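Engineer: Contents are PDB, C-alpha atoms; file name start05.pdb:
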```pdb
ATOM      1  CA  MET T   1      51.610  17.657 -10.185
ATOM      2  CA  LYS T   2      50.693  14.298 -11.629
ATOM      3  CA  ALA T   3      53.190  11.781 -12.851
ATOM      4  CA  ARG T   4      53.295   8.239 -14.079
ATOM      5  CA  VAL T   5      56.099   5.886 -13.117
ATOM      6  CA  ILE T   6      56.609   2.852 -15.320
ATOM      7  CA  VAL T   7      58.643  -0.058 -14.021
ATOM      8  CA  THR T   8      59.699  -2.793 -16.417
ATOM      9  CA  LEU T   9      61.949  -5.831 -16.209
ATOM     10  CA  LYS T  10      65.363  -5.313 -17.732
ATOM     11  CA  SER T  11      65.893  -7.069 -21.021
ATOM     12  CA  GLY T  12      67.407 -10.492 -20.557
ATOM     13  CA  ILE T  13      65.602 -11.039 -17.251
ATOM     14  CA  LEU T  14      63.284 -14.020 -17.514
ATOM     15  CA  ASP T  15      59.649 -12.901 -17.274
ATOM     16  CA  PRO T  16      57.590 -16.056 -16.757
ATOM     17  CA  GLN T  17      54.391 -14.034 -16.242
ATOM     18  CA  GLY T  18      54.904 -12.214 -19.536
ATOM     19  CA  LYS T  19      55.536 -15.573 -21.223
ATOM     20  CA  ALA T  20      52.316 -17.020 -19.796
ATOM     21  CA  ILE T  21      50.336 -13.975 -20.963
ATOM     22  CA  GLU T  22      51.976 -14.251 -24.379
ATOM     23  CA  GLY T  23      50.873 -17.895 -24.593
ATOM     24  CA  ALA T  24      47.324 -16.978 -23.577
ATOM     25  CA  LEU T  25      47.139 -14.253 -26.226
ATOM     26  CA  ARG T  26      48.325 -16.760 -28.837
ATOM     27  CA  SER T  27      45.662 -19.205 -27.695
ATOM     28  CA  LEU T  28      43.075 -16.448 -28.246
ATOM     29  CA  ALA T  29      44.348 -16.347 -31.839
ATOM     30  CA  ILE T  30      45.080 -12.619 -31.621
ATOM     31  CA  GLU T  31      47.110 -11.985 -34.721
ATOM     32  CA  GLY T  32      50.697 -10.888 -34.798
ATOM     33  CA  ILE T  33      51.634 -11.146 -31.086
ATOM     34  CA  LYS T  34      55.392 -11.549 -31.036
ATOM     35  CA  SER T  35      56.269 -11.166 -27.381
ATOM     36  CA  VAL T  36      54.897  -9.839 -24.082
ATOM     37  CA  ARG T  37      56.767  -8.392 -21.107
ATOM     38  CA  GLN T  38      54.807  -7.471 -18.008
ATOM     39  CA  GLY T  39      55.488  -4.323 -15.996
ATOM     40  CA  LYS T  40      53.929  -1.987 -13.439
ATOM     41  CA  ILE T  41      52.464   1.506 -13.606
ATOM     42  CA  PHE T  42      52.211   3.897 -10.632
ATOM     43  CA  ASP T  43      50.082   7.028 -11.025
ATOM     44  CA  ILE T  44      51.373   9.487  -8.478
ATOM     45  CA  GLU T  45      50.185  12.910  -7.344
ATOM     46  CA  ILE T  46      52.985  14.958  -5.878
ATOM     47  CA  ASP T  47      53.414  18.414  -4.389
ATOM     48  CA  ALA T  48      56.459  19.817  -6.138
ATOM     49  CA  PRO T  49      57.150  23.293  -7.504
ATOM     50  CA  ASP T  50      58.343  22.219 -10.929
ATOM     51  CA  GLU T  51      59.010  19.335 -13.235
ATOM     52  CA  GLU T  52      62.656  19.053 -12.363
ATOM     53  CA  ARG T  53      61.991  18.586  -8.668
ATOM     54  CA  THR T  54      59.146  16.162  -9.418
ATOM     55  CA  ARG T  55      61.545  14.033 -11.421
ATOM     56  CA  LYS T  56      64.185  14.215  -8.711
ATOM     57  CA  ALA T  57      61.764  13.112  -5.980
ATOM     58  CA  LEU T  58      60.320  10.322  -8.099
ATOM     59  CA  SER T  59      63.775   9.090  -9.136
ATOM     60  CA  GLU T  60      64.555   8.741  -5.461
ATOM     61  CA  ALA T  61      61.226   6.939  -4.927
ATOM     62  CA  CYS T  62      62.135   4.510  -7.718
ATOM     63  CA  GLU T  63      65.674   3.906  -6.508
ATOM     64  CA  ARG T  64      64.600   3.371  -2.912
ATOM     65  CA  LEU T  65      61.338   1.469  -3.296
ATOM     66  CA  LEU T  66      59.310   1.383  -6.510
ATOM     67  CA  ALA T  67      61.888  -0.499  -8.582
ATOM     68  CA  ASN T  68      64.405  -3.180  -7.714
ATOM     69  CA  THR T  69      67.168  -1.863  -9.927
ATOM     70  CA  ILE T  70      68.943  -5.216  -9.957
ATOM     71  CA  VAL T  71      66.291  -6.503 -12.343
ATOM     72  CA  GLU T  72      64.045  -3.547 -13.183
ATOM     73  CA  ASN T  73      64.240  -0.285 -15.134
ATOM     74  CA  TYR T  74      62.029   2.701 -14.487
ATOM     75  CA  ALA T  75      60.763   5.665 -16.466
ATOM     76  CA  ILE T  76      59.039   8.818 -15.180
ATOM     77  CA  GLU T  77      56.449  10.635 -17.242
ATOM     78  CA  ILE T  78      55.000  13.969 -16.185
ATOM     79  CA  VAL T  79      51.263  14.059 -16.911
ATOM     80  CA  ARG T  80      50.388  17.401 -18.511
ATOM     81  CA  ARG T  81      46.855  18.723 -18.457
ATOM     82  CA  PRO T  82      45.312  18.723 -21.920
TER      83      PRO T  82
ATOM     84  CA  MET D  83      72.228 -16.936  22.763
ATOM     85  CA  LYS D  84      69.672 -14.162  22.805
ATOM     86  CA  ALA D  85      67.403 -14.143  19.778
ATOM     87  CA  ALA D  86      64.720 -11.820  18.437
ATOM     88  CA  VAL D  87      62.152 -12.833  15.820
ATOM     89  CA  ILE D  88      60.652  -9.948  13.850
ATOM     90  CA  ARG D  89      56.942 -10.039  13.071
ATOM     91  CA  PHE D  90      55.792  -8.054  10.036
ATOM     92  CA  PRO D  91      52.159  -7.633   8.994
ATOM     93  CA  GLY D  92      51.611 -10.884   7.096
ATOM     94  CA  SER D  93      54.383 -12.916   8.731
ATOM     95  CA  ASN D  94      53.027 -16.359   9.560
ATOM     96  CA  ARG D  95      56.022 -18.472  10.551
ATOM     97  CA  GLU D  96      57.292 -16.506  13.543
ATOM     98  CA  GLN D  97      55.970 -19.058  16.056
ATOM     99  CA  ASP D  98      57.677 -21.922  14.207
ATOM    100  CA  ALA D  99      60.953 -19.990  14.196
ATOM    101  CA  ALA D 100      60.506 -19.208  17.906
ATOM    102  CA  ARG D 101      59.790 -22.866  18.673
ATOM    103  CA  ALA D 102      62.886 -24.072  16.803
ATOM    104  CA  LEU D 103      65.026 -21.553  18.702
ATOM    105  CA  ARG D 104      63.461 -22.557  22.013
ATOM    106  CA  LEU D 105      64.088 -26.266  21.374
ATOM    107  CA  ALA D 106      67.699 -25.637  20.431
ATOM    108  CA  SER D 107      68.651 -23.088  23.056
ATOM    109  CA  GLY D 108      66.215 -23.693  25.907
ATOM    110  CA  ARG D 109      65.373 -20.017  25.773
ATOM    111  CA  ALA D 110      62.363 -18.309  24.217
ATOM    112  CA  PRO D 111      63.258 -15.550  21.766
ATOM    113  CA  ALA D 112      61.699 -12.105  21.887
ATOM    114  CA  ILE D 113      59.052 -11.617  19.211
ATOM    115  CA  LEU D 114      59.194  -8.050  17.972
ATOM    116  CA  TRP D 115      56.708  -5.992  15.992
ATOM    117  CA  HIS D 116      58.227  -4.446  12.870
ATOM    118  CA  ALA D 117      57.344  -0.893  13.928
ATOM    119  CA  GLU D 118      59.829  -1.083  16.824
ATOM    120  CA  ARG D 119      62.983   0.943  16.292
ATOM    121  CA  ASP D 120      65.349  -0.956  18.580
ATOM    122  CA  LEU D 121      66.286  -4.567  19.167
ATOM    123  CA  PRO D 122      66.308  -5.799  22.775
ATOM    124  CA  SER D 123      69.755  -5.007  24.175
ATOM    125  CA  GLY D 124      72.178  -7.894  23.946
ATOM    126  CA  THR D 125      70.457  -9.488  20.932
ATOM    127  CA  ASP D 126      72.839 -11.964  19.277
ATOM    128  CA  LEU D 127      70.574 -13.272  16.529
ATOM    129  CA  VAL D 128      67.733 -11.698  14.551
ATOM    130  CA  VAL D 129      65.364 -13.983  12.646
ATOM    131  CA  LEU D 130      63.171 -12.712   9.812
ATOM    132  CA  PRO D 131      60.518 -15.419   9.515
ATOM    133  CA  GLY D 132      58.536 -16.709   6.571
ATOM    134  CA  GLY D 133      55.131 -15.525   5.504
ATOM    135  CA  PHE D 134      53.680 -12.964   3.170
ATOM    136  CA  SER D 135      54.650  -9.605   4.624
ATOM    137  CA  TYR D 136      52.362  -6.879   3.280
ATOM    138  CA  GLY D 137      50.630  -9.481   1.148
ATOM    139  CA  ASP D 138      53.656  -9.583  -1.182
ATOM    140  CA  TYR D 139      52.537  -6.157  -2.458
ATOM    141  CA  LEU D 140      54.890  -4.379  -4.882
ATOM    142  CA  ARG D 141      57.545  -7.117  -4.710
ATOM    143  CA  CYS D 142      57.949  -9.877  -2.116
ATOM    144  CA  GLY D 143      59.655  -8.388   0.939
ATOM    145  CA  ALA D 144      59.983  -4.912  -0.593
ATOM    146  CA  ILE D 145      57.821  -3.030   1.885
ATOM    147  CA  ALA D 146      58.930  -5.004   4.945
ATOM    148  CA  ALA D 147      62.554  -4.241   4.004
ATOM    149  CA  ARG D 148      61.762  -0.540   4.590
ATOM    150  CA  SER D 149      60.159  -1.117   8.020
ATOM    151  CA  PRO D 150      61.446   0.927  10.990
ATOM    152  CA  ILE D 151      63.021  -2.132  12.670
ATOM    153  CA  MET D 152      65.133  -2.856   9.596
ATOM    154  CA  GLN D 153      67.427   0.094  10.393
ATOM    155  CA  ALA D 154      68.246  -1.615  13.676
ATOM    156  CA  VAL D 155      68.663  -4.990  11.930
ATOM    157  CA  ARG D 156      71.059  -3.397   9.442
ATOM    158  CA  ALA D 157      73.078  -1.834  12.267
ATOM    159  CA  HIS D 158      73.103  -5.188  14.108
ATOM    160  CA  ALA D 159      74.434  -6.927  10.964
ATOM    161  CA  ALA D 160      77.035  -4.202  10.426
ATOM    162  CA  ARG D 161      78.291  -4.837  13.984
ATOM    163  CA  GLY D 162      78.719  -8.521  13.088
ATOM    164  CA  GLY D 163      75.466  -9.676  14.724
ATOM    165  CA  LEU D 164      73.797 -12.789  13.310
ATOM    166  CA  VAL D 165      70.778 -12.476  11.007
ATOM    167  CA  LEU D 166      68.771 -15.408   9.620
ATOM    168  CA  GLY D 167      66.086 -14.865   6.974
ATOM    169  CA  VAL D 168      63.848 -17.769   5.992
ATOM    170  CA  CYS D 169      61.667 -17.697   2.871
ATOM    171  CA  ASN D 170      59.968 -14.283   3.015
ATOM    172  CA  GLY D 171      62.771 -13.335   5.406
ATOM    173  CA  PHE D 172      65.303 -14.148   2.647
ATOM    174  CA  GLN D 173      63.307 -11.976   0.244
ATOM    175  CA  ILE D 174      63.339  -9.133   2.795
ATOM    176  CA  LEU D 175      67.139  -9.438   3.234
ATOM    177  CA  CYS D 176      67.670  -9.237  -0.539
ATOM    178  CA  GLU D 177      65.264  -6.307  -0.880
ATOM    179  CA  GLY D 178      66.962  -4.552   2.023
ATOM    180  CA  GLY D 179      70.409  -4.937   0.486
ATOM    181  CA  LEU D 180      71.733  -7.175   3.274
ATOM    182  CA  LEU D 181      72.187  -9.982   0.756
ATOM    183  CA  PRO D 182      72.903  -9.768  -2.972
ATOM    184  CA  GLY D 183      70.446 -10.814  -5.666
ATOM    185  CA  VAL D 184      66.701 -11.023  -5.945
ATOM    186  CA  LEU D 185      64.035 -13.722  -5.621
ATOM    187  CA  MET D 186      61.923 -13.825  -8.775
ATOM    188  CA  ARG D 187      58.746 -15.700  -9.630
ATOM    189  CA  ASN D 188      59.361 -19.472  -9.805
ATOM    190  CA  ALA D 189      60.350 -20.413 -13.361
ATOM    191  CA  GLY D 190      57.442 -22.883 -13.475
ATOM    192  CA  LEU D 191      55.020 -20.120 -12.376
ATOM    193  CA  ARG D 192      53.616 -22.355  -9.661
ATOM    194  CA  PHE D 193      53.683 -22.048  -5.914
ATOM    195  CA  VAL D 194      55.775 -25.043  -4.846
ATOM    196  CA  CYS D 195      55.027 -26.707  -1.493
ATOM    197  CA  LYS D 196      56.901 -29.951  -0.867
ATOM    198  CA  MET D 197      59.852 -31.628   0.795
ATOM    199  CA  GLN D 198      63.126 -30.817  -0.937
ATOM    200  CA  PHE D 199      66.667 -32.181  -0.700
ATOM    201  CA  LEU D 200      69.454 -29.652  -0.231
ATOM    202  CA  ARG D 201      73.213 -29.973  -0.250
ATOM    203  CA  VAL D 202      75.205 -28.138   2.419
ATOM    204  CA  GLU D 203      77.801 -26.176   0.430
ATOM    205  CA  ASN D 204      79.639 -24.419   3.219
ATOM    206  CA  ALA D 205      79.716 -26.057   6.660
ATOM    207  CA  GLN D 206      82.268 -23.701   8.189
ATOM    208  CA  THR D 207      79.959 -20.904   9.321
ATOM    209  CA  ARG D 208      78.243 -20.145  12.607
ATOM    210  CA  PHE D 209      74.985 -21.226  10.940
ATOM    211  CA  THR D 210      76.070 -24.442   9.277
ATOM    212  CA  ARG D 211      78.983 -25.876  11.271
ATOM    213  CA  ALA D 212      76.834 -28.634  12.792
ATOM    214  CA  TYR D 213      76.458 -30.125   9.290
ATOM    215  CA  THR D 214      79.178 -31.886   7.327
ATOM    216  CA  PRO D 215      80.352 -30.426   4.001
ATOM    217  CA  GLY D 216      78.285 -31.835   1.160
ATOM    218  CA  GLN D 217      75.720 -33.333   3.547
ATOM    219  CA  VAL D 218      72.324 -33.876   1.937
ATOM    220  CA  VAL D 219      69.443 -32.675   4.105
ATOM    221  CA  LYS D 220      65.703 -32.621   3.641
ATOM    222  CA  PHE D 221      63.852 -29.370   4.340
ATOM    223  CA  ALA D 222      60.366 -28.202   3.403
ATOM    224  CA  ILE D 223      59.882 -25.536   0.744
ATOM    225  CA  ALA D 224      56.751 -23.437   0.261
ATOM    226  CA  HIS D 225      57.094 -20.431  -2.024
ATOM    227  CA  GLY D 226      55.994 -18.845  -5.274
ATOM    228  CA  GLU D 227      58.942 -16.466  -5.609
ATOM    229  CA  GLY D 228      62.116 -18.363  -4.824
ATOM    230  CA  ASN D 229      63.930 -18.137  -8.123
ATOM    231  CA  PHE D 230      67.282 -16.667  -7.064
ATOM    232  CA  GLU D 231      68.756 -14.387  -9.716
ATOM    233  CA  VAL D 232      71.879 -12.298  -9.562
ATOM    234  CA  ASP D 233      74.159 -10.594 -12.079
ATOM    235  CA  GLU D 234      77.065 -12.651 -13.450
ATOM    236  CA  GLU D 235      79.810 -10.776 -11.674
ATOM    237  CA  THR D 236      78.120 -11.107  -8.279
ATOM    238  CA  LEU D 237      77.387 -14.770  -8.965
ATOM    239  CA  ARG D 238      81.074 -15.399  -9.649
ATOM    240  CA  ARG D 239      81.965 -13.576  -6.462
ATOM    241  CA  ILE D 240      79.537 -15.414  -4.170
ATOM    242  CA  GLU D 241      80.525 -18.762  -5.701
ATOM    243  CA  GLY D 242      84.229 -17.941  -5.389
ATOM    244  CA  GLU D 243      83.983 -16.756  -1.790
ATOM    245  CA  GLY D 244      81.976 -19.744  -0.560
ATOM    246  CA  GLN D 245      78.883 -17.654   0.066
ATOM    247  CA  VAL D 246      76.515 -20.327  -1.263
ATOM    248  CA  ALA D 247      75.079 -22.017   1.832
ATOM    249  CA  PHE D 248      72.700 -24.587   0.311
ATOM    250  CA  ARG D 249      71.863 -25.867  -3.174
ATOM    251  CA  TYR D 250      68.763 -27.720  -4.331
ATOM    252  CA  CYS D 251      69.648 -31.322  -5.212
ATOM    253  CA  ASP D 252      68.224 -34.828  -5.440
ATOM    254  CA  ALA D 253      68.367 -37.510  -2.722
ATOM    255  CA  SER D 254      71.916 -38.417  -3.687
ATOM    256  CA  GLY D 255      73.152 -34.809  -3.696
ATOM    257  CA  ARG D 256      73.208 -34.383  -7.474
ATOM    258  CA  ILE D 257      72.353 -30.968  -8.910
ATOM    259  CA  SER D 258      70.066 -31.028 -11.951
ATOM    260  CA  ASP D 259      67.290 -29.031 -13.577
ATOM    261  CA  ALA D 260      64.865 -31.722 -12.431
ATOM    262  CA  ALA D 261      65.937 -31.247  -8.813
ATOM    263  CA  ASN D 262      65.722 -27.433  -9.009
ATOM    264  CA  PRO D 263      62.194 -26.495  -7.901
ATOM    265  CA  ASN D 264      62.170 -22.847  -8.985
ATOM    266  CA  GLY D 265      64.837 -22.173 -11.620
ATOM    267  CA  SER D 266      67.336 -20.548  -9.238
ATOM    268  CA  GLU D 267      70.738 -19.774 -10.732
ATOM    269  CA  ASN D 268      73.231 -22.539  -9.958
ATOM    270  CA  ALA D 269      70.413 -24.200  -7.946
ATOM    271  CA  ILE D 270      71.113 -21.751  -5.109
ATOM    272  CA  ALA D 271      68.734 -22.235  -2.170
ATOM    273  CA  GLY D 272      70.513 -20.045   0.373
ATOM    274  CA  ILE D 273      73.412 -17.606   0.590
ATOM    275  CA  PHE D 274      75.588 -15.833   3.140
ATOM    276  CA  ASN D 275      76.739 -12.233   3.026
ATOM    277  CA  ALA D 276      80.442 -11.546   2.544
ATOM    278  CA  ALA D 277      81.057 -11.516   6.315
ATOM    279  CA  PHE D 278      79.132 -14.791   6.885
ATOM    280  CA  ASN D 279      76.967 -13.336   9.657
ATOM    281  CA  VAL D 280      73.824 -13.063   7.515
ATOM    282  CA  LEU D 281      72.126 -16.136   6.005
ATOM    283  CA  GLY D 282      69.049 -16.136   3.795
ATOM    284  CA  LEU D 283      67.415 -19.286   2.475
ATOM    285  CA  MET D 284      64.111 -20.172   0.843
ATOM    286  CA  PRO D 285      63.639 -23.623   2.494
ATOM    287  CA  HIS D 286      62.263 -23.885   6.040
ATOM    288  CA  PRO D 287      64.712 -25.435   8.533
ATOM    289  CA  GLU D 288      62.305 -24.486  11.356
ATOM    290  CA  ASN D 289      59.818 -27.042   9.979
ATOM    291  CA  LEU D 290      62.225 -29.892  10.564
ATOM    292  CA  VAL D 291      63.034 -29.821  14.269
ATOM    293  CA  ASP D 292      60.679 -32.505  15.573
ATOM    294  CA  PRO D 293      60.544 -36.152  14.401
ATOM    295  CA  LEU D 294      56.778 -36.012  14.842
ATOM    296  CA  VAL D 295      56.467 -33.764  11.800
ATOM    297  CA  GLY D 296      58.734 -35.570   9.389
ATOM    298  CA  GLY D 297      62.365 -35.069  10.304
ATOM    299  CA  VAL D 298      64.976 -33.169  12.255
ATOM    300  CA  ASP D 299      67.343 -32.021   9.501
ATOM    301  CA  GLY D 300      66.746 -28.382  10.418
ATOM    302  CA  ARG D 301      67.843 -28.864  13.997
ATOM    303  CA  PRO D 302      71.634 -28.627  13.487
ATOM    304  CA  LEU D 303      71.197 -25.114  12.110
ATOM    305  CA  PHE D 304      69.450 -23.902  15.264
ATOM    306  CA  GLU D 305      71.789 -25.881  17.526
ATOM    307  CA  ALA D 306      74.800 -24.281  15.861
ATOM    308  CA  LEU D 307      73.207 -20.867  16.376
ATOM    309  CA  ALA D 308      72.354 -21.663  19.994
ATOM    310  CA  ALA D 309      76.014 -22.413  20.620
ATOM    311  CA  ALA D 310      77.224 -19.376  18.648
TER     312      ALA D 310
END
```
What does this structure look like when you write it as C-alpha cells?
Structural biologist:
Amino acid sequence: MKARVIVTLKSGILDPQGKAIEGALRSLAIEGIKSVRQGKIFDIEIDAPDEERTRKALSEACERLLANTIVENYAIEIVRRP
Amino acid sequence: MKAAVIRFPGSNREQDAARALRLASGRAPAILWHAERDLPSGTDLVVLPGGFSYGDYLRCGAIAARSPIMQAVRAHAARGGLVLGVCNGFQILCEGGLLPGVLMRNAGLRFVCKMQFLRVENAQTRFTRAYTPGQVVKFAIAHGEGNFEVDEETLRRIEGEGQVAFRYCDASGRISDAANPNGSENAIAGIFNAAFNVLGLMPHPENLVDPLVGGVDGRPLFEALAAA
C-alpha cells in the first residue's frame, strides 16, 4: 500500500523558514500571497493488509520519529490507485 | 569519574569533549560508537557531543536519538547517572525525551558562530557547582538550530524548579533580545531535567578549557563533573 504522511508545524509555532519563503514570493510579485508555512511530505510504501492497519503503523511511525509532536502535527493519506 | 563520549555518524566535537574531560579528570574517556548497545560498566557520565549527526536529516538530533546506544543512555539517566549533551547533543536529548522542549531554527535564520556571554542560573548542581550563582561566563556558540521552544506549562515548571542552567546575556549579565542569539524562550541556553542529572546546552564549554584558545570559562563545568 502507498501512503503519504504530511507533517506541518502547529499553528502558533514560529516558522522562520516559511516567513522567508513568504517574503521571497512577495518579492517575486506573485499576487495574493497571504502567508506561507513550510512542512514535510513522506511518501511511504508499506506492506499492510488493509487501510486501518496502514494508518495504525504510520501513526506509530509519526509519533515515534516522523513528527516531533511538541511542535508538529501530522496527517496520513492513503494513496488509492486511479 | 568514568566518562563515555558517544560518537554518532556526523558527530565532530567528540575529541574536544574527550580532551576537556581528560584535562579536568586526568583520565581519558571511552569514545563509543552509537551502534553499541551497552555503556562500559561503571560509567558515571555520558557525553553526547556536538556536530551534525545524520547530517541534521529529518530534524536535528532526531535520528541519533533513536540509535541503539540511546536505550542504554536512557537507562543510565533513569538510574541517576550523569548525562551531558552539548549543541547537537542537547538536540538529541530533547528529541529523545530526556529533556523537555525542542530546538528550532534560529529566529534570525542564520547559523551563528561567535563568542557568547551566559549567566549561570543554577550553581547548585553536580554540573555547575564550581560556578557562582549569577556568574557571567563566556562560551562559544556555533549552531543553526538553537532556538529553545517549549509549551507554556512546561516553561513555568522548568523556571519554577530551577531547571534553567544557563541564559544568554550581555557582558554585564543583562538579558535582552539583543543578547539572545537565536530567539530562545526566556533566553534559555541550557536546561537540566527534573532530577538534575541530565544537562543539555547549546554553547560549547569544551571549547573554553585552554587559555591558548581564548579562555577557560568552560573548565569549572568539567572540573565539577570530574569531582562528581
Engineer: Just say which residues the PyMOL selection byres ((chain T) within 8 of (chain D)) picks in this file, as a ChimeraX atom specification.
Structural biologist: /T:16-17,65-66,68,70-71
Engineer: Next, the residues of the selection above should be written as a short mmCIF file (atom, residue, chain, number, x, y, z; two decimals), in the coordinates of the input with C-alpha atoms.
Structural biologist:
```
data_model
loop_
_atom_site.label_atom_id
_atom_site.label_comp_id
_atom_site.auth_asym_id
_atom_site.auth_seq_id
_atom_site.Cartn_x
_atom_site.Cartn_y
_atom_site.Cartn_z
CA PRO T 16 57.59 -16.06 -16.76
CA GLN T 17 54.39 -14.03 -16.24
CA LEU T 65 61.34 1.47 -3.30
CA LEU T 66 59.31 1.38 -6.51
CA ASN T 68 64.40 -3.18 -7.71
CA ILE T 70 68.94 -5.22 -9.96
CA VAL T 71 66.29 -6.50 -12.34
#
```
Engineer: Take atom CA of D:Ala100 and atom CA of D:Asp292 and report the distance between them in Å, one decimal.
Structural biologist: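 Taking atom CA of D:Ala100 and atom CA of D:Asp292, their separation equals 13.5 Å.
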Engineer: Excluding stretch 248-260 of chain D and residues on its chain fewer than 4 positions from it, collect all residues at most 6 Å away from it, counting only C-alpha atoms, and give them as JSON, numbers by chain.
Structural biologist: {"D": [199, 200, 201, 202, 203, 218, 269, 270, 271, 272]}
Engineer: Report, in Å with one decimal, the straight-line distance from atom CA of T:Glu31 to atom CA of T:Asp15.
Structural biologist: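 Interatomic distance, atom CA of T:Glu31 to atom CA of T:Asp15: 21.5 Å.
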Engineer: Neighbouring residues of T:Arg53 were defined as those with any atom within 12 Å, considering all atoms listed in the file; residues of the same chain fewer than 6 positions away were excluded. Please report them as a list in words.
Structural biologist: Met1, Ala3, Ile46, Asp47, Ser59, Glu60 and Ile78 of chain T
Engineer: May I ask for the distance between atom CA of T:Arg37 and atom CA of T:Val5, given in Å to one decimal place?
Structural biologist: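 Computing the Euclidean distance for atom CA of T:Arg37 and atom CA of T:Val5 yields 16.4 Å.
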Engineer: Have a look at T:Ala48, T:Gly32, T:Arg81, T:Leu14 and name the one nearest to D:Gly265; count all atoms listed in the file.
Structural biologist: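 That would be T:Leu14, the residue with the smallest distance to D:Gly265.
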